[in-house]
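A.B. asks: Have a look at this one.
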Amino acid sequence: MIHMNANWRGTYTLFKKEVLRFWRVAFQTIASPVLTALLYLLIFSHVLAGHVKVYDDVAYTAFLIPGLIMMSLLQNAFANSSSSLIQSKVMGNIVFILLTPLTPVQFYVALLGAAVLRGLFVGLAIYFVAIWFVSLPIVHLGWIFTFALLGSALLGTFGIIAGIWADKFDQMAAFQNFVIMPLTFLSGVFYSIHSLPVFWQGVSHFNPFFYMIDGFRYGFFGKGDVSPWFSLSVVCGFLFVLACLCLKMLKSGYKLRT
Amino acid sequence: MTQPAITINAVHKKFGALHALKGIDLTIEQGEFFALLGPNGAGKSTVINLLAGLIKPSAGHLSVLGHDVNADYQQARRLLGVVPQELVFDPFFNVREMLRFQAGYFGRGRENDAWVDEILEGLGLTDKAYTNMRRLSGGMKRRALIAQALAHKPPVIVLDEPTAGVDVELRQMLWGFIKQLNSEGHTIILTTHYLEEAETLCKRIAMMKQGEIVALDTTANLLRQFAGKNLTLQLASTQLPASLIPMVKTSGGSTVTFAIAEPREIEWVLSELRVANISVEDIQLKEADLEEVFLSLVGTAPVHSNSQVAA
């Protein structure tokens, strides 16, 4: 029982440290992505409103907001765990964590928890700022919350994997710019995939980010490109595979304990 | 029966083609103040990294107070505090926060604050408790690094070159505090390039060379066996009798130092000088130091530098 408490406290401590790490620089980690998302909203809604009709009864600006929230949430969940790990590795202070009795699962849970929290903070902040400008319905709050949580968990896990794998900041930047950014931009943030040619619609179905955004958007409008249950199963499946891979890397000590 | 603080059994470590440790066996008892010495690349840091679980052995077993560092790593790590060689720090937090976090990872909460205060005071960090790690000077960062290893009050403490590049004042403060911890029952294992530190502080020493332990004994025995005494004479002539030349250790003008293995050799040196009609103007007899043991066993001079090369 003593060990249980000690373990819980160790996990909580690492989680708290990771949260404080991004909270201390909230201007960069929360305010900046919110501003970026609002600029997207301003520009795209101004340029495309009236030109693009996605759903009959949904204005394009309203359609855009859930996509932008989810995109920022995913990118920030990834950025949190990946940047924390790569910084600790490059600066060498990861040794302070490696010397502790924390198990791979505890390490994973603590880093993931902080990544999810940052993703949700950013998402909520964008939502609360955006609804000042645009009326946004909420049809299924449960779906919104489920996809926000699973999406940030999936990208938080992805961030841990990338953070363990990358040895240098430029490898991490490459990962972010050549994998994460294209997958988010090509996932239906700015459009419905039904507006794409058939070939690209097919390609989009292989992008897990599409299901996170579509399921999340379903919660707001009650309609999406695919069934939210199907999106849920795809996202859960990806999360399970990535979590297993991440834990396997942590257990084997890949690139952390040689 | 009390468990040894550290047990190392037939440990090998290979890094690709490099055979860094070639079957190390070592037992360190509880309460010892132990030194692990050797030139750069001898394998000292590899031993420490294996104990800390930062790397995995290619073969063999290591345990801390009876807990295997791999099979029972959680318990082994709770009992071990390691001061890394590199001066690393987390730039986001102040000293007290870092110590609280470090203790927290080991399951310790606010009840540990009194101990954290004790560490801060012992290492002269009380004034800097709320200073961000980035703003600390090099010496202060080194103290904070040591404090972090002690935050969870481990019974076994490993210090990997804790005084590399550190000024005299800090060294004295550090050793005062570490000696106090040792007198309270903590086992201390130390690697250092400053051999006089090991000689003064440590009761037992292991010397390593190219991944092997080449000597393991009490400091006193090592000095007796490998170093002997130094007889320094100020002579009236610089022309020594041929019989004495093999015993000369150093010579500078009329001052000559002879290596003396046994006390009766002193009498013999003096009698040879008398026969050669060379008068002795001054005489000095000194115990040899650990540096000479090191030289005789390892064959290279210790590097008095702030080297960060992991052995």
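FYI, nothing fancy with the structure tokens labels: chains A, B, ... in order, residues from 1 per chain, ligands from 1 as they appear.
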Using only C-alpha atoms and a cut-off of 8 Å, which residues of chain A sit close to chain B? Please list them as number ranges by chain.
C.D. replies: A: 5-11, 13-14, 17, 21, 24, 88, 91-93, 95-103, 256-258
A.B. asks: For the helix (DSSP H, G or I) assignment from backbone DSSP, which residues of region 159-192 of chain A qualify? Please present them as a PDB file with C-alpha atoms, in the first residue's frame.
C.D. replies:
```
ATOM      1  CA  GLY A 159       4.818  13.417 -29.158  1.00  0.00           C
ATOM      2  CA  ILE A 160       6.398  11.087 -26.603  1.00  0.00           C
ATOM      3  CA  ILE A 161       7.404   8.669 -29.373  1.00  0.00           C
ATOM      4  CA  ALA A 162       8.886  11.507 -31.448  1.00  0.00           C
ATOM      5  CA  GLY A 163      10.625  12.950 -28.374  1.00  0.00           C
ATOM      6  CA  ILE A 164      12.261   9.617 -27.588  1.00  0.00           C
ATOM      7  CA  TRP A 165      13.237   9.014 -31.217  1.00  0.00           C
ATOM      8  CA  PHE A 169      15.870  19.793 -32.453  1.00  0.00           C
ATOM      9  CA  ASP A 170      15.956  19.764 -36.261  1.00  0.00           C
ATOM     10  CA  GLN A 171      14.822  16.117 -36.360  1.00  0.00           C
ATOM     11  CA  MET A 172      11.896  17.126 -34.188  1.00  0.00           C
ATOM     12  CA  ALA A 173      11.125  20.119 -36.383  1.00  0.00           C
ATOM     13  CA  ALA A 174      11.192  17.839 -39.437  1.00  0.00           C
ATOM     14  CA  PHE A 175       8.768  15.457 -37.732  1.00  0.00           C
ATOM     15  CA  GLN A 176       6.463  18.331 -36.902  1.00  0.00           C
ATOM     16  CA  ASN A 177       6.625  20.009 -40.311  1.00  0.00           C
ATOM     17  CA  PHE A 178       6.658  16.933 -42.553  1.00  0.00           C
ATOM     18  CA  VAL A 179       4.302  14.640 -40.642  1.00  0.00           C
ATOM     19  CA  ILE A 180       2.093  16.454 -38.169  1.00  0.00           C
ATOM     20  CA  MET A 181       1.395  19.647 -40.140  1.00  0.00           C
ATOM     21  CA  PRO A 182       0.455  17.953 -43.466  1.00  0.00           C
ATOM     22  CA  LEU A 183      -1.732  15.403 -41.684  1.00  0.00           C
ATOM     23  CA  THR A 184      -3.615  18.149 -39.828  1.00  0.00           C
ATOM     24  CA  PHE A 185      -3.965  20.466 -42.832  1.00  0.00           C
TER      25      PHE A 185
END
```
A.B. asks: Tell me, as a PDB file with C-alpha atoms, in the first residue's frame, which residues lie within 10 Å of Thr200 (chain B), counting only C-alpha atoms; anything in the same chain fewer than 5 positions away does not count.
C.D. replies:
```pdb
ATOM      1  CA  LEU B 195      43.732  11.701  -5.529  1.00  0.00           C
ATOM      2  CA  THR B 219      43.903   3.089   1.391  1.00  0.00           C
ATOM      3  CA  LEU B 290      48.135   7.894  -3.569  1.00  0.00           C
TER       4      LEU B 290
END
```
A.B. asks: So which one's closest to Phe216 (chain A), A:Thr146, A:Gln201, A:Gln106, A:Ser82? Using only C-alpha atoms, please.
C.D. replies: A:Thr146
A.B. asks: May I ask which of the residues A:Thr36, A:Tyr55, A:Gly113, A:Ile86 is the closest one to Lys168 (chain A), counting only C-alpha atoms?
C.D. replies: A:Ile86
